[in-house]
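Have a look at upload_34.csv; it's CSV, C-alpha atoms (C1' of nucleotides):
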```
chain,number,residue,atom,x,y,z
A,10,MET,CA,0.0,0.0,0.0
A,11,GLY,CA,1.1,3.5,-0.7
A,12,VAL,CA,1.8,5.8,2.1
A,13,GLU,CA,-0.6,8.7,2.4
A,14,PRO,CA,1.1,12.0,1.7
A,15,GLN,CA,1.6,14.0,4.8
A,16,ARG,CA,0.1,17.4,5.7
A,17,SER,CA,2.6,20.1,6.3
A,18,PRO,CA,4.0,20.2,9.9
A,19,ARG,CA,3.5,23.9,10.3
A,20,THR,CA,0.3,26.0,10.3
A,21,THR,CA,0.7,29.4,8.7
A,22,ARG,CA,-1.4,32.4,8.3
A,23,GLN,CA,-1.3,31.8,4.5
A,24,GLN,CA,-2.6,28.3,4.7
A,25,VAL,CA,-5.4,29.2,7.0
A,26,ALA,CA,-6.4,32.0,4.7
A,27,ILE,CA,-6.4,29.7,1.7
A,28,LEU,CA,-8.4,27.0,3.4
A,29,ASP,CA,-10.8,29.7,4.6
A,30,VAL,CA,-11.5,30.8,1.1
A,31,LEU,CA,-12.0,27.2,0.0
A,32,GLY,CA,-14.2,26.6,2.9
A,33,SER,CA,-16.6,29.4,2.1
A,34,ALA,CA,-16.7,28.5,-1.6
A,35,LYS,CA,-19.3,26.2,-3.0
A,36,LYS,CA,-17.6,26.1,-6.3
A,37,PHE,CA,-14.4,25.0,-7.9
A,38,CYS,CA,-11.8,27.7,-7.9
A,39,SER,CA,-8.6,28.3,-9.8
A,40,ALA,CA,-5.4,29.3,-8.0
A,41,GLN,CA,-5.8,32.7,-9.6
A,42,GLN,CA,-9.4,33.2,-8.3
A,43,ILE,CA,-8.3,32.2,-4.8
A,44,HIS,CA,-5.5,34.7,-5.0
A,45,SER,CA,-7.8,37.5,-6.1
A,46,THR,CA,-10.2,36.7,-3.3
A,47,LEU,CA,-7.4,36.8,-0.8
A,48,VAL,CA,-6.3,40.2,-2.1
A,49,ARG,CA,-9.9,41.5,-2.0
A,50,ARG,CA,-10.1,40.3,1.6
A,51,HIS,CA,-6.8,42.1,2.4
A,52,GLN,CA,-5.2,38.8,3.3
A,53,ASP,CA,-2.6,38.9,0.6
A,54,VAL,CA,-0.7,35.7,-0.1
A,55,ALA,CA,1.8,35.3,-2.9
A,56,LEU,CA,0.5,33.6,-6.0
A,57,ALA,CA,3.3,31.1,-5.8
A,58,THR,CA,2.3,30.2,-2.3
A,59,VAL,CA,-1.3,29.7,-3.4
A,60,TYR,CA,-0.1,27.3,-6.1
A,61,ARG,CA,2.2,25.5,-3.7
A,62,THR,CA,-0.4,25.2,-1.0
A,63,LEU,CA,-3.1,23.9,-3.4
A,64,LYS,CA,-0.7,21.3,-4.8
A,65,THR,CA,0.2,20.1,-1.3
A,66,LEU,CA,-3.4,20.0,-0.2
A,67,SER,CA,-4.6,18.1,-3.3
A,68,ASP,CA,-1.7,15.7,-3.1
A,69,SER,CA,-2.7,14.9,0.5
A,70,GLY,CA,-6.3,14.4,-0.7
A,71,GLU,CA,-7.8,17.3,1.2
A,72,LEU,CA,-8.8,18.9,-2.0
A,73,ASP,CA,-10.6,17.7,-5.1
A,74,VAL,CA,-9.2,18.8,-8.4
A,75,ILE,CA,-10.7,19.0,-11.8
A,76,PHE,CA,-9.2,20.3,-15.0
A,77,SER,CA,-11.4,22.6,-17.0
A,78,GLU,CA,-10.3,24.4,-20.1
A,79,GLY,CA,-6.6,24.0,-19.4
A,80,GLU,CA,-6.6,25.1,-15.8
A,81,ALA,CA,-6.8,23.3,-12.5
A,82,LEU,CA,-9.8,24.0,-10.3
A,83,TYR,CA,-9.9,23.1,-6.7
A,84,ARG,CA,-12.6,22.5,-4.1
A,85,ARG,CA,-12.7,21.3,-0.6
A,86,CYS,CA,-15.3,18.6,-0.4
A,87,LYS,CA,-17.5,17.4,2.4
A,88,SER,CA,-17.2,13.8,1.7
A,89,ILE,CA,-13.9,12.0,1.9
A,90,GLU,CA,-15.4,9.1,0.0
A,91,HIS,CA,-14.9,8.9,-3.7
A,92,HIS,CA,-17.5,11.0,-5.4
A,93,HIS,CA,-18.3,13.2,-8.4
A,94,HIS,CA,-19.6,16.7,-9.1
A,95,LEU,CA,-22.4,18.4,-10.9
A,96,VAL,CA,-20.9,21.7,-11.9
A,97,CYS,CA,-22.6,24.8,-13.3
A,98,ARG,CA,-20.9,26.0,-16.5
A,99,GLU,CA,-21.9,29.6,-15.9
A,100,CYS,CA,-21.2,30.3,-12.2
A,101,GLY,CA,-19.2,27.2,-11.2
A,102,VAL,CA,-21.5,26.2,-8.3
A,103,SER,CA,-21.1,22.5,-7.7
A,104,VAL,CA,-23.0,19.7,-6.0
A,105,GLU,CA,-21.3,16.6,-4.8
A,106,ILE,CA,-23.0,13.5,-6.2
A,107,GLU,CA,-22.4,9.7,-6.0
A,108,ASN,CA,-22.7,6.8,-8.4
A,109,PRO,CA,-21.8,3.6,-6.6
A,110,ASP,CA,-22.6,1.4,-9.6
A,111,LEU,CA,-19.9,3.2,-11.6
A,112,GLU,CA,-17.1,1.6,-9.6
A,113,THR,CA,-18.3,-1.8,-10.4
A,114,TRP,CA,-18.8,-1.0,-14.0
A,115,ALA,CA,-15.4,0.6,-14.4
A,116,ALA,CA,-13.7,-2.4,-12.8
A,117,ALA,CA,-15.5,-4.8,-15.1
A,118,VAL,CA,-14.8,-2.8,-18.3
A,119,ALA,CA,-11.2,-2.5,-17.3
A,120,SER,CA,-10.5,-6.1,-16.6
A,121,ALA,CA,-12.4,-7.0,-19.8
A,122,HIS,CA,-9.7,-5.1,-21.7
A,123,GLY,CA,-6.8,-6.3,-19.6
A,124,PHE,CA,-6.2,-3.0,-17.8
A,125,GLU,CA,-5.1,-2.9,-14.2
A,126,SER,CA,-5.4,-0.4,-11.3
A,127,VAL,CA,-8.1,1.6,-12.9
A,128,ASP,CA,-9.2,4.9,-11.8
A,129,HIS,CA,-11.8,7.2,-13.3
A,130,THR,CA,-12.9,10.8,-13.6
A,131,LEU,CA,-16.6,11.8,-14.0
A,132,GLU,CA,-18.0,15.2,-13.8
A,133,LEU,CA,-21.4,16.6,-15.0
A,134,TYR,CA,-21.5,20.1,-16.4
A,135,GLY,CA,-24.8,22.0,-16.8
A,136,THR,CA,-26.5,25.2,-16.1
A,137,CYS,CA,-27.9,25.6,-12.6
A,138,ARG,CA,-31.4,26.9,-12.0
A,139,ARG,CA,-30.2,30.4,-10.9
A,140,CYS,CA,-28.2,30.8,-14.0
A,141,SER,CA,-30.7,29.5,-16.5
A,142,SER,CA,-33.5,31.7,-15.1
A,143,GLY,CA,-31.2,34.7,-15.0
A,144,LYS,CA,-31.0,35.1,-18.7
B,23,MET,CA,-31.1,23.3,-31.9
B,24,GLY,CA,-27.6,24.7,-32.4
B,25,VAL,CA,-26.0,24.8,-35.8
B,26,GLU,CA,-23.2,22.2,-36.2
B,27,PRO,CA,-19.9,24.0,-36.6
B,28,GLN,CA,-18.6,23.8,-40.1
B,29,ARG,CA,-15.5,22.1,-41.4
B,30,SER,CA,-13.0,24.4,-43.1
B,31,PRO,CA,-13.8,25.2,-46.7
B,32,ARG,CA,-10.2,24.4,-47.9
B,33,THR,CA,-8.2,21.2,-47.8
B,34,THR,CA,-4.6,21.9,-47.2
B,35,ARG,CA,-1.5,19.7,-47.1
B,36,GLN,CA,-1.2,20.6,-43.4
B,37,GLN,CA,-4.6,19.5,-42.5
B,38,VAL,CA,-4.2,16.2,-44.3
B,39,ALA,CA,-0.9,15.6,-42.6
B,40,ILE,CA,-2.4,16.2,-39.1
B,41,LEU,CA,-5.5,14.1,-39.7
B,42,ASP,CA,-3.1,11.4,-41.0
B,43,VAL,CA,-1.1,11.4,-37.8
B,44,LEU,CA,-4.4,11.2,-35.8
B,45,GLY,CA,-5.7,8.5,-38.0
B,46,SER,CA,-2.7,6.2,-37.3
B,47,ALA,CA,-2.7,6.9,-33.6
B,48,LYS,CA,-4.6,4.7,-31.2
B,49,LYS,CA,-3.8,7.1,-28.4
B,50,PHE,CA,-4.7,10.5,-27.3
B,51,CYS,CA,-2.0,13.0,-28.5
B,52,SER,CA,-1.1,16.5,-27.5
B,53,ALA,CA,-0.5,19.2,-30.0
B,54,GLN,CA,3.2,19.0,-29.3
B,55,GLN,CA,3.3,15.3,-29.8
B,56,ILE,CA,1.5,15.6,-33.2
B,57,HIS,CA,3.9,18.3,-34.2
B,58,SER,CA,6.9,16.2,-33.3
B,59,THR,CA,5.5,13.3,-35.3
B,60,LEU,CA,5.1,15.5,-38.3
B,61,VAL,CA,8.6,16.8,-38.0
B,62,ARG,CA,9.9,13.2,-37.7
B,63,ARG,CA,7.9,12.3,-40.9
B,64,HIS,CA,9.5,15.3,-42.7
B,65,GLN,CA,6.0,16.8,-43.1
B,66,ASP,CA,6.7,19.9,-41.1
B,67,VAL,CA,3.7,22.0,-40.0
B,68,ALA,CA,4.0,25.0,-37.8
B,69,LEU,CA,3.1,24.4,-34.2
B,70,ALA,CA,0.6,27.2,-34.3
B,71,THR,CA,-1.1,25.6,-37.3
B,72,VAL,CA,-1.3,22.3,-35.4
B,73,TYR,CA,-3.0,24.1,-32.5
B,74,ARG,CA,-5.4,25.9,-34.8
B,75,THR,CA,-6.3,22.8,-36.8
B,76,LEU,CA,-6.9,20.8,-33.6
B,77,LYS,CA,-9.2,23.5,-32.2
B,78,THR,CA,-11.1,23.7,-35.4
B,79,LEU,CA,-11.5,19.9,-35.7
B,80,SER,CA,-12.5,19.4,-32.1
B,81,ASP,CA,-15.0,22.3,-32.3
B,82,SER,CA,-16.6,20.6,-35.3
B,83,GLY,CA,-16.8,17.4,-33.3
B,84,GLU,CA,-14.4,15.5,-35.5
B,85,LEU,CA,-12.0,15.0,-32.6
B,86,ASP,CA,-12.4,13.9,-29.1
B,87,VAL,CA,-10.6,15.9,-26.5
B,88,ILE,CA,-9.6,15.1,-22.9
B,89,PHE,CA,-7.7,17.3,-20.5
B,90,SER,CA,-4.9,15.5,-18.6
B,91,GLU,CA,-2.6,17.2,-16.3
B,92,GLY,CA,-3.2,20.6,-17.7
B,93,GLU,CA,-2.8,19.8,-21.4
B,94,ALA,CA,-5.3,19.0,-24.1
B,95,LEU,CA,-5.1,15.5,-25.7
B,96,TYR,CA,-6.8,14.8,-29.0
B,97,ARG,CA,-7.9,11.6,-30.7
B,98,ARG,CA,-9.9,10.8,-33.8
B,99,CYS,CA,-12.6,8.3,-32.7
B,100,LYS,CA,-14.3,5.6,-34.7
B,101,SER,CA,-17.7,6.2,-33.2
B,102,ILE,CA,-19.6,9.4,-33.7
B,103,GLU,CA,-21.9,8.4,-30.9
B,104,HIS,CA,-21.2,9.8,-27.5
B,105,HIS,CA,-18.7,7.5,-25.8
B,106,HIS,CA,-15.9,7.3,-23.3
B,107,HIS,CA,-12.4,6.0,-23.1
B,108,LEU,CA,-10.2,3.6,-21.2
B,109,VAL,CA,-6.8,5.2,-21.3
B,110,CYS,CA,-3.4,3.7,-20.3
B,111,ARG,CA,-1.6,6.0,-18.0
B,112,GLU,CA,1.8,4.7,-19.2
B,113,CYS,CA,1.6,4.7,-22.9
B,114,GLY,CA,-1.6,6.4,-23.7
B,115,VAL,CA,-3.3,3.7,-25.7
B,116,SER,CA,-7.0,4.0,-25.4
B,117,VAL,CA,-10.1,1.9,-26.0
B,118,GLU,CA,-13.5,3.4,-26.8
B,119,ILE,CA,-16.1,2.3,-24.4
B,120,GLU,CA,-19.8,2.9,-23.9
B,121,ASN,CA,-22.1,3.3,-20.9
B,122,PRO,CA,-25.7,3.9,-22.1
B,123,ASP,CA,-27.0,3.9,-18.5
B,124,LEU,CA,-24.9,6.8,-17.6
B,125,GLU,CA,-26.9,9.2,-19.8
B,126,THR,CA,-30.1,8.3,-18.0
B,127,TRP,CA,-28.4,8.6,-14.7
B,128,ALA,CA,-26.9,11.9,-15.5
B,129,ALA,CA,-30.1,13.4,-16.7
B,130,ALA,CA,-31.9,12.2,-13.6
B,131,VAL,CA,-29.3,13.6,-11.2
B,132,ALA,CA,-29.2,16.9,-13.1
B,133,SER,CA,-32.9,17.5,-13.0
B,134,ALA,CA,-33.1,16.5,-9.4
B,135,HIS,CA,-30.8,19.4,-8.7
B,136,GLY,CA,-32.4,21.8,-11.1
B,137,PHE,CA,-29.7,21.8,-13.7
B,138,GLU,CA,-30.3,22.0,-17.4
B,139,SER,CA,-28.6,21.0,-20.6
B,140,VAL,CA,-26.3,18.7,-18.8
B,141,ASP,CA,-23.3,17.2,-20.4
B,142,HIS,CA,-20.7,14.9,-18.8
B,143,THR,CA,-17.1,13.8,-19.0
B,144,LEU,CA,-16.0,10.3,-18.0
B,145,GLU,CA,-12.7,8.7,-18.6
B,146,LEU,CA,-11.1,5.6,-17.1
B,147,TYR,CA,-7.4,5.6,-16.5
B,148,GLY,CA,-5.4,2.4,-15.8
B,149,THR,CA,-2.4,0.4,-16.9
B,150,CYS,CA,-2.8,-1.7,-20.0
B,151,ARG,CA,-1.6,-5.3,-20.2
B,152,ARG,CA,1.5,-4.5,-22.2
B,153,CYS,CA,2.6,-1.8,-19.8
B,154,SER,CA,1.9,-3.7,-16.6
B,155,SER,CA,3.8,-6.8,-17.9
B,156,GLY,CA,6.6,-4.8,-19.3
B,157,LYS,CA,7.9,-3.5,-15.9
C,19,DC,C1',-8.0,36.4,-58.5
C,20,DT,C1',-9.9,35.9,-53.6
C,21,DT,C1',-9.5,35.1,-49.2
C,22,DG,C1',-8.8,31.3,-46.1
C,23,DC,C1',-4.7,29.1,-44.2
C,24,DT,C1',0.0,29.1,-42.9
C,25,DG,C1',4.4,30.4,-40.8
C,26,DC,C1',6.8,33.1,-37.7
C,27,DA,C1',7.4,35.5,-33.7
C,28,DA,C1',5.6,37.8,-29.9
C,29,DA,C1',2.5,37.5,-26.2
C,30,DA,C1',-0.9,35.7,-23.0
C,31,DT,C1',-1.8,32.2,-19.5
C,32,DC,C1',-1.1,29.1,-16.1
C,33,DT,C1',2.3,26.9,-13.3
C,34,DT,C1',6.8,25.9,-11.3
C,35,DT,C1',11.3,26.9,-9.2
C,36,DG,C1',15.6,29.1,-7.1
C,37,DC,C1',17.0,31.7,-3.4
C,38,DA,C1',17.1,34.7,0.5
C,39,DC,C1',14.4,35.8,4.4
C,40,DC,C1',10.7,35.2,7.8
C,41,DA,C1',8.2,32.8,11.4
C,42,DT,C1',6.3,28.6,13.5
C,43,DA,C1',7.1,25.1,16.7
D,29,DT,C1',17.0,28.6,17.1
D,30,DA,C1',16.3,25.3,13.4
D,31,DT,C1',14.1,24.6,9.2
D,32,DG,C1',9.9,24.5,6.8
D,33,DG,C1',7.1,28.1,4.5
D,34,DT,C1',6.9,32.4,2.1
D,35,DG,C1',7.7,36.2,-1.3
D,36,DC,C1',9.6,37.7,-5.4
D,37,DA,C1',11.2,37.3,-9.7
D,38,DA,C1',12.6,34.6,-13.3
D,39,DA,C1',11.8,30.6,-16.1
D,40,DG,C1',8.9,26.8,-18.2
D,41,DA,C1',5.2,25.0,-20.5
D,42,DT,C1',1.1,25.3,-23.2
D,43,DT,C1',-1.8,27.8,-26.1
D,44,DT,C1',-3.2,32.1,-28.6
D,45,DT,C1',-2.8,35.9,-31.8
D,46,DG,C1',-1.2,39.7,-35.2
D,47,DC,C1',0.3,40.1,-39.6
D,48,DA,C1',2.4,39.4,-44.1
D,49,DG,C1',2.6,36.1,-47.7
D,50,DC,C1',1.2,31.6,-49.8
D,51,DA,C1',-2.0,28.7,-52.1
D,52,DA,C1',-6.6,26.3,-52.8
D,53,DG,C1',-10.7,26.8,-55.2
```
Would you mind writing the file's structure down as structure tokens?
Amino acid sequence: MGVEPQRSPRTTRQQVAILDVLGSAKKFCSAQQIHSTLVRRHQDVALATVYRTLKTLSDSGELDVIFSEGEALYRRCKSIEHHHHLVCRECGVSVEIENPDLETWAAAVASAHGFESVDHTLELYGTCRRCSSGK
Amino acid sequence: MGVEPQRSPRTTRQQVAILDVLGSAKKFCSAQQIHSTLVRRHQDVALATVYRTLKTLSDSGELDVIFSEGEALYRRCKSIEHHHHLVCRECGVSVEIENPDLETWAAAVASAHGFESVDHTLELYGTCRRCSSGK
DNA sequence: CTTGCTGCAAAATCTTTGCACCATA
DNA sequence: TATGGTGCAAAGATTTTGCAGCAAG
């Protein structure tokens, strides 16, 4: 078994601020967006630090990452279990969703083609009620 | 319904060369990889043209795109129907797979949360037989 | 001939990294 | 006070774009 990546041994003002932004966001955010939010809140953190922190946190599994249009988007999720998201294309709001059957299906398809240690990515993109009524 | 994006009105040596590389590839390739292959084949095409052509082709639906680790990977697929892929993390070989039930599930989950015009991305990543036996 | 496509180079993004300094534990 | 974390600036990587010239139809 692989060893779980460790969390940093020190708690800093910057990390707290970044986690705070992620905690109050119900959407996936890019490093740049988080950085802007921090600046707006007068809690400046260097962009490089935002990137480093997000990488560390996602490596340790504390953040979920999705790649959209060439950039990484991060979100702190409630569930630690494997799950997926229903994301609004307009505003980015996202809902955590589950699909237990998918695991079984994925494993079956994989072994049928001789693939091992299979993993999967699944995200749903749509327009949320608020955004579709807005226009 | 939306109008299907059009294919370019002119057929050029460059486009043919790019489609040829994609046609002989059973894996998802990045723009850079396609460019390298073209150079290796002495069919040089400017990198910018490769990017432009790939964008045009994927916009018109002739190419499937997936984002992996921050870069776009393209593949010309056999089926025009909506489908997914089982991709090898090591060598990139991919197999086209289907999951009809997913559409139904996605639509249900979406409407349950008030989302409209939902779309989804699903890709399986694993290690193919050749790669897992190789090492 | 027309004008869409290409090549080239510059630039825009997103992300990473080297290094000196700061601050947590 | 030791050393992990941070800030800053520079560098890397991927992708886009402006513009002049080429070439398909």
Distance limit 8 Å, atoms considered: all atoms listed in the file. Which chain C residues sit that close to chain A? Return them as a compact mmCIF listing (two decimals) with C-alpha atoms (C1' of nucleotides), keeping the file's coordinate frame.
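Saved result, out-v7.txt, follows:
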```
# COMPACT_ATOMS: atom_id res chain seq x y z
C1' DC C 32 -1.10 29.10 -16.10
C1' DT C 33 2.30 26.90 -13.30
C1' DT C 42 6.30 28.60 13.50
C1' DA C 43 7.10 25.10 16.70
```
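Note that atom CA of Tyr147 of chain B and atom CA of Glu91 of chain B are 12.6 Å apart.
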In terms of the shortest atom-to-atom distance over all atoms listed in the file, which of B:Cys153, B:Ala129, B:Ala39, B:Ala134 is closest to Arg63 of chain B?
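Counting all atoms listed in the file, the residue closest to Arg63 of chain B is B:Ala39.
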If we count only C-alpha atoms (C1' of nucleotides), what is near His142 of chain B at a cut-off of 12 Å, once residues fewer than 2 positions away on the same chain are taken out, given as a PyMOL selection string?
(chain A and resi 93-98+130-135) or (chain B and resi 88+104-106+121+124-129+131-132+139-140+144-145)
Distance in Å - atom CA of Ile119 of chain B versus atom CA of Phe76 of chain A:
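Distance between the two atoms: 21.4 Å.
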Hey, can you check how far atom CA of Leu95 of chain B sits from atom CA of Thr58 of chain A?
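Atom CA of Thr58 of chain A lies at a distance of 28.6 Å from atom CA of Leu95 of chain B.
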May I ask you to extract the residues of chain D within 10 Å of chain B, using only C-alpha atoms (C1' of nucleotides), and to give them as a list in words?
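Every residue meeting the condition is included here: DA41, DT42, DT43, DT44, DT45, DA51, DA52 and DG53 of chain D.
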Select, counting all atoms listed in the file, all protein, DNA and RNA residues no farther than 10 Å from (8.0, 36.6, -35.8) in file coordinates, and express the selection as a list in words.
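Here the neighbourhood of the point contains DG25, DC26, DA27 and DA28 of chain C; DG46 and DC47 of chain D.
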Selected residues, C-alpha atoms (C1' of nucleotides), written as an mmCIF file, in the coordinates of the input, please.
```
data_model
loop_
_atom_site.group_PDB
_atom_site.id
_atom_site.type_symbol
_atom_site.label_atom_id
_atom_site.label_comp_id
_atom_site.auth_asym_id
_atom_site.auth_seq_id
_atom_site.Cartn_x
_atom_site.Cartn_y
_atom_site.Cartn_z
ATOM 1 C "C1'" DG C 25 4.400 30.400 -40.800
ATOM 2 C "C1'" DC C 26 6.800 33.100 -37.700
ATOM 3 C "C1'" DA C 27 7.400 35.500 -33.700
ATOM 4 C "C1'" DA C 28 5.600 37.800 -29.900
ATOM 5 C "C1'" DG D 46 -1.200 39.700 -35.200
ATOM 6 C "C1'" DC D 47 0.300 40.100 -39.600
#
```
Residues near Asp29 of chain A, anyone? I mean within 12 Å using only C-alpha atoms (C1' of nucleotides), not counting same-chain ones fewer than 3 positions away, as an MDAnalysis selection string.
chainID A and resid 22:26 32:35 43 46:47 50 52 84:85
